[in-house]
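Trainee: Below is a structure I'd like to ask you about.
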Amino acid sequence: MSSRTVARRSGFALLAAALLVGAALTSTAGAATAPVTAEIAEQAQTIAGFGASGAWWVNDLANYSSAAQTQVANLLFTSSGIDLSQYRYNIGGGGVGVSSGPRAPQSLISTNGTYNWSNDPGGQTFLKLAAQDGVPDLIGFVNSAPSQWTTNGRNCGSSLTSGDEGAYGTFLATVVSHFASQGITIDQISPMNEPDNNFFTCGQEGMNVGTGQRAAIVQAVGSALAAAKLPTTVIADESSQTTQFTSEVPQWLPGSQAAQYVSALAHHTYDFPGNGQLEYTGAVGALNNKPTWASEICCQVTGGGYGQQYDPTIAGGLVLANYLYQDLAFTGDSAFQWWTALSPELGCDPTASASCATSANGSGWNDGLLYYDPNYASNGNQNIYATKRFYVLGQYSRYVRPGAVRYAITGGPPGVQAMAFWQHNAWTVVATNTNSSANSFSLNTDSGTLTPQTAVQTTATQNLASVAAPSVSGSTMTASLPAQSVTTFVLGSSGQPGSVTRAASELVGNQSNRCLDVPGMSTANNTQLELYDCNGGTNQEFSLTTSGPITVYSGTNQKCLDAYQQKTAPGTPVNIFTCNGGKNQQWTVHPDGAITNNQSGLCLDAYSQGTGNGTKVDLWSCNGGSNQQWPPN
């Protein structure tokens, strides 16, 4: 969790029988606009899952009735709730020195090296419930190693003592082995959550890990898991901000022995990055041949940055929807995990005010999906209060399951963020209308005849509610999206994606207003692309296929856009070459018009921000510049 200084009150909340809905946000509904047909484009990432963490609410909920605990598990882990496919179990360090009790999770090992498997009752309860409910992906994450291996003997304001990496790795492998013996598979271990922050104020556990020690820790943990013959892999390094992630991962991962144990590169997004930085974050994964995960985010003030606010309304829900869209569409993240599943940070007393849980205030925090009464211990209130964030995440997690393949979408009306996923011969389309009026949305899947199966919607007044199916004509669906809404459509398909080439179009540089051009209409291999006045020539007509290549010309003259000699460094020329299926000839088009090379993760770029005829086109680190945006014309 990022450096949050959330004030805790003396009493903390319990679990509930009643599920309350968020208040409606006033919006201006208007007539639906004319349809703008979007198109399925190239294949993108395979989805690993959607989840949330079990810190630190489980320590309060350990005091709840078993019925109340089961209710929370049902809401999080089953199809009667939002059916999360990932759950993050906090492996506690013992909380030595931590000032807030619920944020001081018990350790499963004592300072003398003996294990106490009855410790951490709340954490273990919900880990077991997640496993019983069939959550596909269980992740163990650590804020601090046990205090016997930290530099100050505490679980905050410290670092892992150099030389203790092996002992720490053995500890984590022992924990994973124990749960495996109980029938609970921990699929991944994150041994250093936010290693850039030691949380020296001791409001929570935290452990600084410098870039010089990260590979050693990952290698120690990975090798201990392998020695124990466990299938568990490592995710790292969970930096607080993407700028830290993009600068620090290259310092410890490439060429290290640790790389073999890393199954995903995980980042947090507390810098609230722009699109260019998100694309650059994805490039770090591509360069290291690892998927990227967005493994923690919370606490944005509606309409602004990080700050104190409790907003359970659709406005707060749309903030989460925007996170999802940015992380999946721009970074290409395979997983999205909200910070914490439950929180007591309502900022008001739900027993004293009927509108407390359903209205925004400036005293609470937007850190949870569900909330509970912070005074549960004294007043016995075990109600659970649902936010629109909870339902919006459910629009994805219920219907986009692990193994689904995202396909990029091009076109569509302004203010509509649409995502398409292919799985089990069906499309799942999630469309967020951020506008204050209704919009008509049409999508051509180019995959045979569509058959509507499911349509659910979250709005200011609806929560994962069944709604009318979209109209269908062949491979095109059309639906009206209410103002400020998130709608999920599941549509069976008689055909398969990946066989259709979109009509050729010009790719026009946003900065130069000139076209991507093959100079002199050359068909020779290694001819470098450039900018030139748009003129309708076949050397300016490019086709993007769903499998990733961008082609120019046709028939025997057809060529593919190509990163010269499969190079991956910034400044690599972009040329044409005979199509050969190489990864350096596969490209991803992002919603802002940026085009990234799948091998390097770098962006198609007008050299040195040139705008004149003859400006060369190369690959460069994605930065959100208009010289890196190429919307089809």
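Naming works like this for the structure tokens: A, B, ... for the chains as they're shown, residue 1 at the start of each chain, ligands 1 onward in shown order.
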Env of Asp605 (chain A): 12 Å cut, atoms = only C-alpha atoms, seq-sep filter 4 positions within chain, self excluded. Answer as a ChimeraX atom specification.

Mentor: /A:508-512,516,529-531,563,570-574,593-597,609-611,615-630

Trainee: If you count only C-alpha atoms, which residues fall within 6 Å of region 482-492 of chain A, apart from same-chain ones fewer than 5 positions away, as a ChimeraX atom specification?

Mentor: /A:29,426-438,450-459

Trainee: Could you pull out the alpha helix (DSSP H) residues of region 222-335 of chain A, going by DSSP on the backbone, and write them as a VMD selection string?

Mentor: chain A and resid 222 to 227 242 to 252 275 to 287 314 to 326

Trainee: With only C-alpha atoms as the atoms that count, which of A:Arg406, A:Arg389, A:Arg103, A:Arg154 lies nearest to Pro497 (chain A)?

Mentor: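 The closest residue to Pro497 (chain A) is A:Arg406.
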
Trainee: Counting only C-alpha atoms, which residue out of A:Gly415, A:Gly140, A:Phe421, A:Leu265 sits closest to Tyr399 (chain A)?

Mentor: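 Distance minimum relative to Tyr399 (chain A) lands on A:Phe421.
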
Trainee: Env of Trp57 (chain A): 9 Å cut, atoms = only C-alpha atoms, seq-sep filter 3 positions within chain, self excluded. Answer as a PyMOL selection string.

Mentor: chain A and resi 12-13+54+60-62+102-103+122-123+340-344

Trainee: Between A:Thr37, A:Ser608, A:Ser80, A:Asn361, single out the one closest to Val301 (chain A), counting only C-alpha atoms.

Mentor: A:Asn361

Trainee: Determine, for each residue of region 141-164 of chain A having at least one atom at most 12 Å from an atom of region 237-252 of chain A, the closest pair of atoms and their separation in Å to one decimal, counting only C-alpha atoms; order by chain and ascending number, as JSON lines.

Mentor:
{"residue": "A:Phe141", "atom": "CA", "partner": "A:Glu238", "partner_atom": "CA", "distance": 9.9}
{"residue": "A:Val142", "atom": "CA", "partner": "A:Glu238", "partner_atom": "CA", "distance": 10.6}
{"residue": "A:Asn143", "atom": "CA", "partner": "A:Glu238", "partner_atom": "CA", "distance": 10.5}

Trainee: Would you save the residues of that selection, restricted to C-alpha atoms, as a PDB file, in the first residue's frame?

Mentor:
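Written out: again.pdb:
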ATOM      1  CA  PHE A 141       2.339 -10.788  -0.441  1.00  0.00           C
ATOM      2  CA  VAL A 142       4.664  -9.379   2.202  1.00  0.00           C
ATOM      3  CA  ASN A 143       4.977  -5.833   3.504  1.00  0.00           C
TER       4      ASN A 143
END

Trainee: Could you produce a table of the residues of region 185-208 of chain A lying within 6 Å of region 158-181 of chain A, with the nearest pair of atoms per residue and their separation in Å rounded to one decimal, using only C-alpha atoms, ordered by chain and increasing residue number, as CSV?

Mentor:
residue,atom,partner,partner_atom,distance
A:Thr185,CA,A:Ala180,CA,5.2
A:Asn198,CA,A:Ser158,CA,5.8
A:Met207,CA,A:Ser159,CA,5.0
A:Asn208,CA,A:Ser159,CA,4.8

Trainee: Write out as a short mmCIF file (atom, residue, chain, number, x, y, z; two decimals) with C-alpha atoms, in the first residue's frame each polymer residue whose atoms come within 10 Å of Asn580 (chain A), counting only C-alpha atoms; drop sequence neighbours fewer than 2 positions from it.

Mentor:
data_model
loop_
_atom_site.label_atom_id
_atom_site.label_comp_id
_atom_site.auth_asym_id
_atom_site.auth_seq_id
_atom_site.Cartn_x
_atom_site.Cartn_y
_atom_site.Cartn_z
CA PRO A 549 1.14 -7.13 -38.36
CA LYS A 559 5.25 -5.80 -46.96
CA CYS A 560 5.08 -5.58 -43.16
CA ASP A 562 9.30 -3.99 -39.30
CA PHE A 577 10.19 -5.97 -44.89
CA THR A 578 8.80 -9.21 -46.27
CA GLY A 582 8.45 -12.11 -36.39
CA LYS A 583 7.57 -10.39 -33.13
CA ASN A 584 9.35 -7.29 -34.45
CA GLN A 585 6.59 -7.15 -37.10
#

Trainee: Which parts of region 7-247 of chain A does DSSP call strand (DSSP E) when run on the backbone here, written out as a PyMOL selection string?

Mentor: chain A and resi 19-20+36-46+49-53+86-90+137-141+158-159+188-190+207-208+233-239

Trainee: Hey, can you check how far CA of Ala67 (chain A) sits from CA of Gly94 (chain A)?

Mentor: 27.7 Å
